[in-house]
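Data file: structure.csv. Format and content: CSV, C-alpha atoms.
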chain,number,residue,atom,x,y,z
A,105,MET,CA,-3.7,-95.6,-9.0
A,106,LYS,CA,-1.5,-94.8,-11.9
A,107,ARG,CA,2.0,-93.6,-11.3
A,108,LYS,CA,4.3,-91.7,-13.6
A,109,TYR,CA,7.8,-92.9,-14.6
A,110,LYS,CA,10.5,-91.3,-16.6
A,111,ALA,CA,12.6,-93.6,-18.7
A,112,TYR,CA,16.2,-92.7,-19.8
A,113,ILE,CA,16.9,-94.9,-22.7
A,114,TYR,CA,20.3,-95.5,-24.3
A,115,VAL,CA,20.5,-97.1,-27.7
A,116,THR,CA,24.0,-98.2,-28.8
A,117,LEU,CA,25.3,-99.8,-31.9
A,118,ARG,CA,26.2,-103.5,-31.5
A,119,PRO,CA,30.0,-103.9,-31.4
A,120,SER,CA,30.0,-105.8,-34.7
A,121,VAL,CA,28.4,-102.9,-36.6
A,122,LEU,CA,30.7,-100.3,-38.2
A,123,ASP,CA,30.2,-96.7,-37.1
A,124,PRO,CA,31.6,-94.5,-39.8
A,125,ALA,CA,30.3,-91.4,-38.1
A,126,GLY,CA,32.0,-92.4,-34.8
A,127,THR,CA,35.2,-92.9,-36.7
A,128,ALA,CA,35.0,-89.5,-38.3
A,129,ILE,CA,34.5,-87.9,-34.9
A,130,GLN,CA,37.5,-89.8,-33.5
A,131,SER,CA,39.6,-88.5,-36.3
A,132,GLY,CA,38.3,-85.0,-35.6
A,133,LEU,CA,39.3,-85.3,-32.0
A,134,GLU,CA,42.7,-86.5,-33.0
A,135,HIS,CA,43.2,-83.5,-35.2
A,136,MET,CA,42.3,-81.3,-32.2
A,137,GLY,CA,45.1,-82.9,-30.3
A,138,TYR,CA,43.2,-85.5,-28.3
A,139,GLY,CA,45.5,-88.4,-29.3
A,140,THR,CA,44.3,-90.4,-26.3
A,141,VAL,CA,40.9,-91.2,-27.8
A,142,GLU,CA,40.9,-94.9,-28.7
A,143,GLN,CA,37.3,-95.3,-29.9
A,144,VAL,CA,34.2,-93.3,-30.5
A,145,ARG,CA,30.8,-94.9,-31.0
A,146,ILE,CA,27.6,-92.9,-31.5
A,147,GLY,CA,24.3,-94.0,-30.2
A,148,LYS,CA,20.9,-92.5,-29.3
A,149,TYR,CA,19.5,-91.2,-26.1
A,150,ILE,CA,15.8,-91.1,-25.6
A,151,GLU,CA,13.7,-89.8,-22.7
A,152,LEU,CA,10.1,-90.6,-22.3
A,153,ILE,CA,7.5,-90.3,-19.6
A,154,LEU,CA,4.8,-93.0,-19.2
A,155,SER,CA,2.1,-93.9,-16.7
A,156,ALA,CA,1.9,-97.4,-15.3
A,157,ALA,CA,0.4,-99.1,-12.3
A,158,ASN,CA,3.8,-99.9,-10.8
A,159,GLU,CA,7.5,-100.0,-11.7
A,160,LYS,CA,7.4,-103.6,-12.9
A,161,THR,CA,4.7,-102.8,-15.5
A,162,ALA,CA,6.6,-99.7,-16.6
A,163,GLN,CA,9.8,-101.7,-17.0
A,164,GLU,CA,8.0,-104.3,-19.1
A,165,GLN,CA,6.4,-101.6,-21.3
A,166,VAL,CA,9.6,-99.7,-21.9
A,167,ASP,CA,11.4,-103.0,-22.7
A,168,ARG,CA,8.8,-103.8,-25.3
A,169,MET,CA,9.0,-100.3,-26.8
A,170,CYS,CA,12.7,-100.7,-27.1
A,171,GLY,CA,12.6,-104.1,-28.6
A,172,GLN,CA,9.8,-103.3,-31.1
A,173,MET,CA,10.7,-99.7,-32.2
A,174,LEU,CA,13.2,-97.6,-30.4
A,175,ALA,CA,16.1,-100.0,-31.1
A,176,ASN,CA,16.6,-102.3,-34.1
A,177,PRO,CA,18.0,-105.6,-32.6
A,178,VAL,CA,19.7,-106.4,-35.8
A,179,ILE,CA,22.2,-103.5,-35.3
A,180,GLU,CA,21.6,-102.1,-31.9
A,181,ASN,CA,21.5,-102.8,-28.2
A,182,TYR,CA,19.6,-100.9,-25.6
A,183,ARG,CA,19.4,-100.3,-21.8
A,184,PHE,CA,17.4,-97.9,-19.8
A,185,ASP,CA,16.9,-96.4,-16.3
A,186,LEU,CA,13.5,-95.8,-14.8
A,187,VAL,CA,12.7,-93.2,-12.2
A,188,GLU,CA,9.3,-92.5,-10.7
A,189,VAL,CA,8.4,-88.8,-11.1
A,190,SER,CA,5.8,-86.5,-9.7
A,191,VAL,CA,2.7,-86.0,-11.8
A,192,GLU,CA,3.5,-82.4,-12.7
A,193,MET,CA,6.9,-83.1,-14.2
A,194,GLY,CA,7.3,-82.6,-18.0
A,195,VAL,CA,10.0,-84.0,-20.3
B,47,MET,CA,-3.3,-104.7,-60.0
B,48,PHE,CA,-0.1,-102.9,-58.9
B,49,GLY,CA,-0.3,-100.9,-55.7
B,50,VAL,CA,2.3,-98.2,-54.8
B,51,VAL,CA,2.4,-97.4,-51.1
B,52,VAL,CA,2.5,-93.8,-50.2
B,53,PHE,CA,3.8,-92.8,-46.8
B,54,PRO,CA,4.3,-89.2,-45.7
B,55,GLY,CA,7.7,-88.5,-47.1
B,56,SER,CA,7.6,-91.0,-50.0
B,57,ASN,CA,9.0,-89.3,-53.1
B,58,CYS,CA,9.5,-92.0,-55.7
B,59,ASP,CA,5.9,-93.2,-55.6
B,60,ARG,CA,4.8,-91.5,-58.8
B,61,ASP,CA,7.9,-92.6,-60.7
B,62,VAL,CA,7.0,-96.2,-59.9
B,63,ALA,CA,3.4,-95.7,-60.9
B,64,TYR,CA,4.6,-94.1,-64.2
B,65,VAL,CA,6.4,-97.3,-65.0
B,66,THR,CA,3.6,-99.7,-64.2
B,67,ARG,CA,0.7,-97.6,-65.4
B,68,ASP,CA,2.1,-95.6,-68.3
B,69,LEU,CA,5.0,-97.6,-69.6
B,70,LEU,CA,3.6,-101.1,-69.0
B,71,ASP,CA,-0.1,-100.1,-69.3
B,72,GLN,CA,-1.1,-102.0,-66.1
B,73,PRO,CA,-3.8,-101.1,-63.7
B,74,THR,CA,-2.1,-99.3,-60.8
B,75,ARG,CA,-3.3,-97.5,-57.8
B,76,MET,CA,-1.7,-95.4,-55.0
B,77,VAL,CA,-2.1,-97.0,-51.6
B,78,TRP,CA,-2.2,-94.5,-48.7
B,79,HIS,CA,-0.4,-95.6,-45.6
B,80,GLU,CA,-3.6,-95.7,-43.6
B,81,GLU,CA,-5.4,-98.1,-45.8
B,82,THR,CA,-6.4,-101.4,-44.3
B,83,ASP,CA,-7.7,-103.3,-47.3
B,84,ILE,CA,-5.2,-104.1,-50.1
B,85,SER,CA,-6.7,-107.5,-51.1
B,86,ASP,CA,-7.2,-106.3,-54.7
B,87,LEU,CA,-3.5,-106.0,-55.2
B,88,ASP,CA,-1.2,-108.6,-56.9
B,89,VAL,CA,2.0,-106.6,-56.4
B,90,VAL,CA,2.8,-104.1,-53.6
B,91,ILE,CA,5.6,-101.7,-54.3
B,92,ILE,CA,7.1,-99.7,-51.4
B,93,PRO,CA,8.8,-96.8,-53.1
B,94,GLY,CA,11.8,-94.7,-52.2
B,95,GLY,CA,11.8,-91.5,-50.2
B,96,PHE,CA,12.0,-90.5,-46.6
B,97,SER,CA,9.0,-92.1,-44.9
B,98,TYR,CA,8.1,-90.2,-41.8
B,99,GLY,CA,11.2,-88.1,-42.2
B,100,ASP,CA,13.4,-91.2,-41.6
B,101,TYR,CA,13.0,-90.2,-37.9
B,102,LEU,CA,14.6,-92.7,-35.4
B,103,ARG,CA,15.9,-95.0,-38.2
B,104,CYS,CA,15.0,-95.2,-41.9
B,105,GLY,CA,11.8,-97.1,-42.2
B,106,ALA,CA,11.4,-97.6,-38.4
B,107,ILE,CA,8.1,-95.7,-38.1
B,108,ALA,CA,6.7,-96.6,-41.5
B,109,ARG,CA,6.9,-100.2,-40.4
B,110,PHE,CA,4.1,-99.5,-37.9
B,111,SER,CA,1.7,-97.8,-40.2
B,112,PRO,CA,-1.7,-99.6,-40.7
B,113,VAL,CA,-0.9,-100.5,-44.3
B,114,MET,CA,2.2,-102.4,-43.3
B,115,GLN,CA,0.2,-105.0,-41.4
B,116,GLN,CA,-1.7,-105.7,-44.6
B,117,VAL,CA,1.6,-105.8,-46.6
B,118,VAL,CA,2.8,-108.5,-44.2
B,119,ARG,CA,-0.4,-110.5,-44.8
B,120,HIS,CA,-0.1,-110.0,-48.5
B,121,ALA,CA,3.5,-111.3,-48.4
B,122,GLN,CA,2.5,-114.3,-46.3
B,123,GLN,CA,0.0,-115.2,-49.0
B,124,GLY,CA,3.0,-115.6,-51.3
B,125,LYS,CA,2.1,-112.4,-53.3
B,126,PHE,CA,4.8,-110.1,-54.5
B,127,VAL,CA,6.3,-107.2,-52.5
B,128,LEU,CA,9.0,-105.0,-53.9
B,129,GLY,CA,10.8,-102.5,-51.7
B,130,ILE,CA,13.0,-99.9,-53.5
B,131,CYS,CA,15.6,-97.9,-51.5
B,132,ASN,CA,13.5,-96.5,-48.6
B,133,GLY,CA,11.1,-99.4,-49.3
B,134,PHE,CA,14.0,-101.9,-48.8
B,135,GLN,CA,14.7,-100.2,-45.5
B,136,VAL,CA,11.0,-100.5,-44.5
B,137,LEU,CA,11.0,-104.2,-45.4
B,138,THR,CA,14.1,-104.9,-43.2
B,139,GLU,CA,12.6,-102.9,-40.3
B,140,ALA,CA,9.4,-104.9,-40.7
B,141,GLY,CA,11.3,-108.2,-40.5
B,142,LEU,CA,10.1,-109.2,-44.0
B,143,LEU,CA,13.7,-109.3,-45.1
B,144,PRO,CA,16.8,-110.0,-43.0
B,145,GLY,CA,19.6,-107.5,-42.2
B,146,ALA,CA,19.6,-103.8,-41.9
B,147,LEU,CA,20.6,-100.7,-44.0
B,148,ILE,CA,23.0,-98.5,-42.1
B,149,ARG,CA,24.9,-95.3,-42.9
B,150,ASN,CA,27.0,-95.4,-46.0
B,151,ARG,CA,30.6,-96.3,-45.1
B,152,ASP,CA,32.0,-92.9,-46.2
B,153,LEU,CA,29.1,-91.0,-44.7
B,154,HIS,CA,28.2,-89.3,-48.0
B,155,PHE,CA,24.8,-89.4,-49.6
B,156,ILE,CA,25.6,-91.1,-52.9
B,157,CYS,CA,23.7,-90.2,-56.1
B,158,ASP,CA,25.2,-92.0,-59.0
B,159,ARG,CA,24.7,-94.6,-61.7
B,160,VAL,CA,26.3,-97.9,-60.8
B,161,SER,CA,27.1,-101.3,-62.3
B,162,ILE,CA,24.9,-104.0,-60.8
B,163,LYS,CA,25.5,-107.7,-61.4
B,164,VAL,CA,22.3,-109.9,-61.7
B,165,GLU,CA,23.2,-113.0,-59.6
B,166,ARG,CA,20.2,-115.2,-60.2
B,167,THR,CA,17.6,-115.3,-63.0
B,168,ASN,CA,15.2,-118.1,-62.0
B,169,LEU,CA,12.9,-115.7,-60.1
B,170,PRO,CA,10.2,-113.5,-61.7
B,171,TRP,CA,12.1,-110.4,-60.7
B,172,THR,CA,15.1,-111.2,-62.8
B,173,GLN,CA,13.9,-113.8,-65.3
B,174,ILE,CA,14.3,-111.5,-68.3
B,175,TYR,CA,18.0,-110.7,-67.5
B,176,SER,CA,20.7,-113.2,-68.4
B,177,PRO,CA,22.7,-114.9,-65.7
B,178,GLY,CA,25.6,-112.7,-64.5
B,179,GLN,CA,24.5,-109.8,-66.6
B,180,VAL,CA,25.9,-106.5,-65.5
B,181,ILE,CA,23.3,-103.7,-65.7
B,182,THR,CA,23.4,-100.0,-64.9
B,183,LEU,CA,21.0,-98.6,-62.3
B,184,PRO,CA,20.8,-95.3,-60.4
B,185,ILE,CA,21.4,-95.2,-56.7
B,186,ALA,CA,20.5,-92.3,-54.4
B,187,HIS,CA,20.9,-93.0,-50.7
B,188,GLY,CA,22.7,-92.0,-47.5
B,189,GLU,CA,21.8,-95.2,-45.6
B,190,GLY,CA,22.4,-98.0,-48.1
B,191,GLN,CA,25.1,-100.0,-46.5
B,192,PHE,CA,23.6,-103.5,-46.1
B,193,TYR,CA,24.6,-105.1,-42.9
B,194,ALA,CA,23.8,-108.6,-41.5
B,195,ASP,CA,25.6,-110.7,-39.0
B,196,GLY,CA,27.9,-113.6,-40.2
B,197,ASP,CA,25.3,-116.3,-39.8
B,198,THR,CA,22.6,-114.4,-41.6
B,199,LEU,CA,25.0,-113.5,-44.3
B,200,SER,CA,26.1,-117.1,-45.0
B,201,GLN,CA,22.4,-118.2,-45.0
B,202,LEU,CA,21.6,-115.5,-47.6
B,203,GLU,CA,24.5,-116.6,-49.8
B,204,ALA,CA,23.8,-120.4,-49.3
B,205,ASN,CA,20.1,-119.9,-50.2
B,206,GLY,CA,20.9,-117.8,-53.2
B,207,GLN,CA,18.9,-114.8,-51.8
B,208,VAL,CA,21.3,-112.2,-53.1
B,209,LEU,CA,19.8,-111.1,-56.4
B,210,PHE,CA,21.8,-108.0,-57.1
B,211,ARG,CA,25.4,-107.1,-56.2
B,212,TYR,CA,27.4,-104.0,-56.8
B,213,GLN,CA,30.0,-104.7,-59.5
B,214,GLY,CA,33.4,-103.1,-59.0
B,215,ASP,CA,33.0,-100.0,-56.9
B,216,ASN,CA,30.9,-100.8,-53.7
B,217,SER,CA,30.7,-97.2,-52.6
B,218,ASN,CA,28.3,-97.6,-49.7
B,219,GLY,CA,30.3,-100.4,-48.1
B,220,SER,CA,27.6,-103.1,-48.1
B,221,VAL,CA,28.8,-106.5,-46.9
B,222,ASN,CA,29.5,-108.9,-49.8
B,223,ASN,CA,28.6,-106.0,-52.2
B,224,ILE,CA,24.9,-106.7,-51.6
B,225,ALA,CA,22.6,-104.4,-53.5
B,226,GLY,CA,19.4,-106.4,-53.3
B,227,ILE,CA,18.1,-109.5,-51.6
B,228,CYS,CA,14.9,-111.6,-51.6
B,229,ASN,CA,13.3,-113.7,-48.9
B,230,LEU,CA,13.7,-117.5,-49.0
B,231,GLN,CA,10.4,-118.0,-51.0
B,232,GLY,CA,11.5,-115.3,-53.5
B,233,ASN,CA,8.3,-113.3,-53.4
B,234,ILE,CA,9.7,-110.3,-51.5
B,235,LEU,CA,12.5,-108.3,-53.0
B,236,GLY,CA,14.3,-105.4,-51.5
B,237,MET,CA,17.0,-103.4,-53.4
B,238,MET,CA,18.8,-100.0,-52.9
B,239,PRO,CA,19.1,-99.3,-56.7
B,240,HIS,CA,16.2,-97.6,-58.5
B,241,PRO,CA,14.9,-99.7,-61.4
B,242,GLU,CA,12.0,-97.3,-61.9
B,243,ARG,CA,14.5,-94.5,-62.7
B,244,ALA,CA,16.0,-96.6,-65.4
B,245,SER,CA,12.8,-97.6,-67.3
B,246,ASP,CA,12.0,-94.7,-69.7
B,247,PRO,CA,14.6,-94.3,-72.5
B,248,MET,CA,14.2,-90.5,-72.0
B,249,LEU,CA,16.1,-90.9,-68.7
B,250,GLY,CA,19.1,-92.4,-70.4
B,251,GLY,CA,18.8,-96.1,-69.5
B,252,THR,CA,16.2,-98.9,-69.5
B,253,ASP,CA,18.0,-101.6,-67.6
B,254,GLY,CA,15.5,-101.4,-64.8
B,255,LEU,CA,12.4,-102.0,-67.0
B,256,LYS,CA,13.1,-105.8,-67.4
B,257,LEU,CA,12.5,-106.2,-63.6
B,258,PHE,CA,9.0,-104.9,-64.0
B,259,GLN,CA,8.4,-106.8,-67.2
B,260,GLY,CA,9.6,-110.1,-65.7
B,261,LEU,CA,7.3,-109.6,-62.7
B,262,LEU,CA,4.4,-108.8,-65.1
B,263,GLU,CA,5.0,-112.0,-67.1
B,264,LYS,CA,4.6,-113.9,-63.8
B,265,VAL,CA,1.6,-112.0,-62.5
B,266,GLY,CA,-0.1,-112.1,-65.9
B,267,ALA,CA,0.4,-115.9,-66.0
B,268,ILE,CA,-1.3,-116.2,-62.6
B,269,ALA,CA,-4.2,-113.9,-63.4
Go ahead and express the file in the form of structure tokens.
Amino acid sequence: MKRKYKAYIYVTLRPSVLDPAGTAIQSGLEHMGYGTVEQVRIGKYIELILSAANEKTAQEQVDRMCGQMLANPVIENYRFDLVEVSVEMGV
Amino acid sequence: MFGVVVFPGSNCDRDVAYVTRDLLDQPTRMVWHEETDISDLDVVIIPGGFSYGDYLRCGAIARFSPVMQQVVRHAQQGKFVLGICNGFQVLTEAGLLPGALIRNRDLHFICDRVSIKVERTNLPWTQIYSPGQVITLPIAHGEGQFYADGDTLSQLEANGQVLFRYQGDNSNGSVNNIAGICNLQGNILGMMPHPERASDPMLGGTDGLKLFQGLLEKVGAIA
């Protein structure tokens, strides 16, 4: 029987890649008085629901999706959490 | 035969076709992104625009369209592939060219005419230019900052794969001022500047036309 899983995917810029938008936000925060902020990096957060026979298969599928499309390994890293959900749950 | 790929969101496709069909008088057809047979083409051009709305990353979704599998095969056969602007982004996403195009250093969308140095002239793309020639081409992009890690970059430089470099002002922040690169074999070229927008004298410059003419000399010699 197929189970449903929800993946919480975090895509982040590799440390070597400049993030001009992050730098702009950092400077905005400084202007607001948050002088304690040392670094801002902007990434992406993606949620998706998929069906799979078991958690291992779901892990493998999401890993492939991230490697092939959701993240670009040239500039980005990714990680994700996987939770089994009841069949009725939407995104 | 020239083929110009059209994705949902492409917007320089007709400009490119105008150059090859109307200015150079060459057979040219538009190639819809769902096509699966492009074996009639000698040259595939992936034009500028915002394919699939640039969702996720520029070129990330276009890369998985049916036509791109054929473009990869076309390239593997040693035939010519040119990616301009968004087309360059698609080629890097598809792994046909190394590196990536990321957000411009100063975050602004840049629409300008810039000086570009032609680094190498022993490839069809640049054979009509003179070595070291500085030409003027339009750029129009928000994500044109070329990025590659140190190893990739030194390989690109050592192999002479950098064909075009920003001269003077490198406003998007590209590493090593890179504006256009080719693959090792030299049959795939990706560039952020728009040669098709500098081909008709009516538009105020014709420095881009030589790229298409050089290519045509080569393709004509094969056919």
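With distances restricted to all atoms listed in the file, A:Ser155 is the closest residue to Ser190 of chain A from A:Thr116, A:Gln163, A:Gln143, A:Ser155.
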9 Å contacts from chain B to chain A using all atoms listed in the file, as a ChimeraX atom specification: /B:102-103,106-107,110,139,144-146,148-153,193-195
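Put simply, atom CA of Thr172 of chain B is 14.8 Å away from atom CA of Ile130 of chain B.
Near Glu188 of chain A, within 9 Å and counting all atoms listed in the file, sit Arg107, Lys108, Tyr109, Lys110, Ala111 and Glu159 of chain A, not including residues fewer than 6 positions from it in the same chain.
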Point (6.5, -98.3, -63.3) neighbourhood (10 Å, only C-alpha atoms) written as a ChimeraX atom specification: /B:48,50,59-72,74,91,241-246,254-255,257-259
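For the set A:Tyr114, A:Val187, A:Glu142, A:Ile129, the residue with the smallest atom-to-atom gap to Lys160 of chain A is A:Val187, counting only C-alpha atoms.
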Long-range neighbours of Lys125 of chain B as a VMD selection string, 8 Å cut-off, only C-alpha atoms, 6 positions minimum in chain: chain B and resid 88 to 89 233
Atomic separation - atom CA of Ala186 of chain B relative to atom CA of Phe155 of chain B, Å: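 Taking atom CA of Phe155 of chain B as the start and atom CA of Ala186 of chain B as the end point, the length is 7.1 Å.
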One-decimal distance in Å that lies between atom CA of Phe210 of chain B and atom CA of Gly129 of chain B: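 Straight-line distance from atom CA of Gly129 of chain B to atom CA of Phe210 of chain B works out to 13.4 Å.
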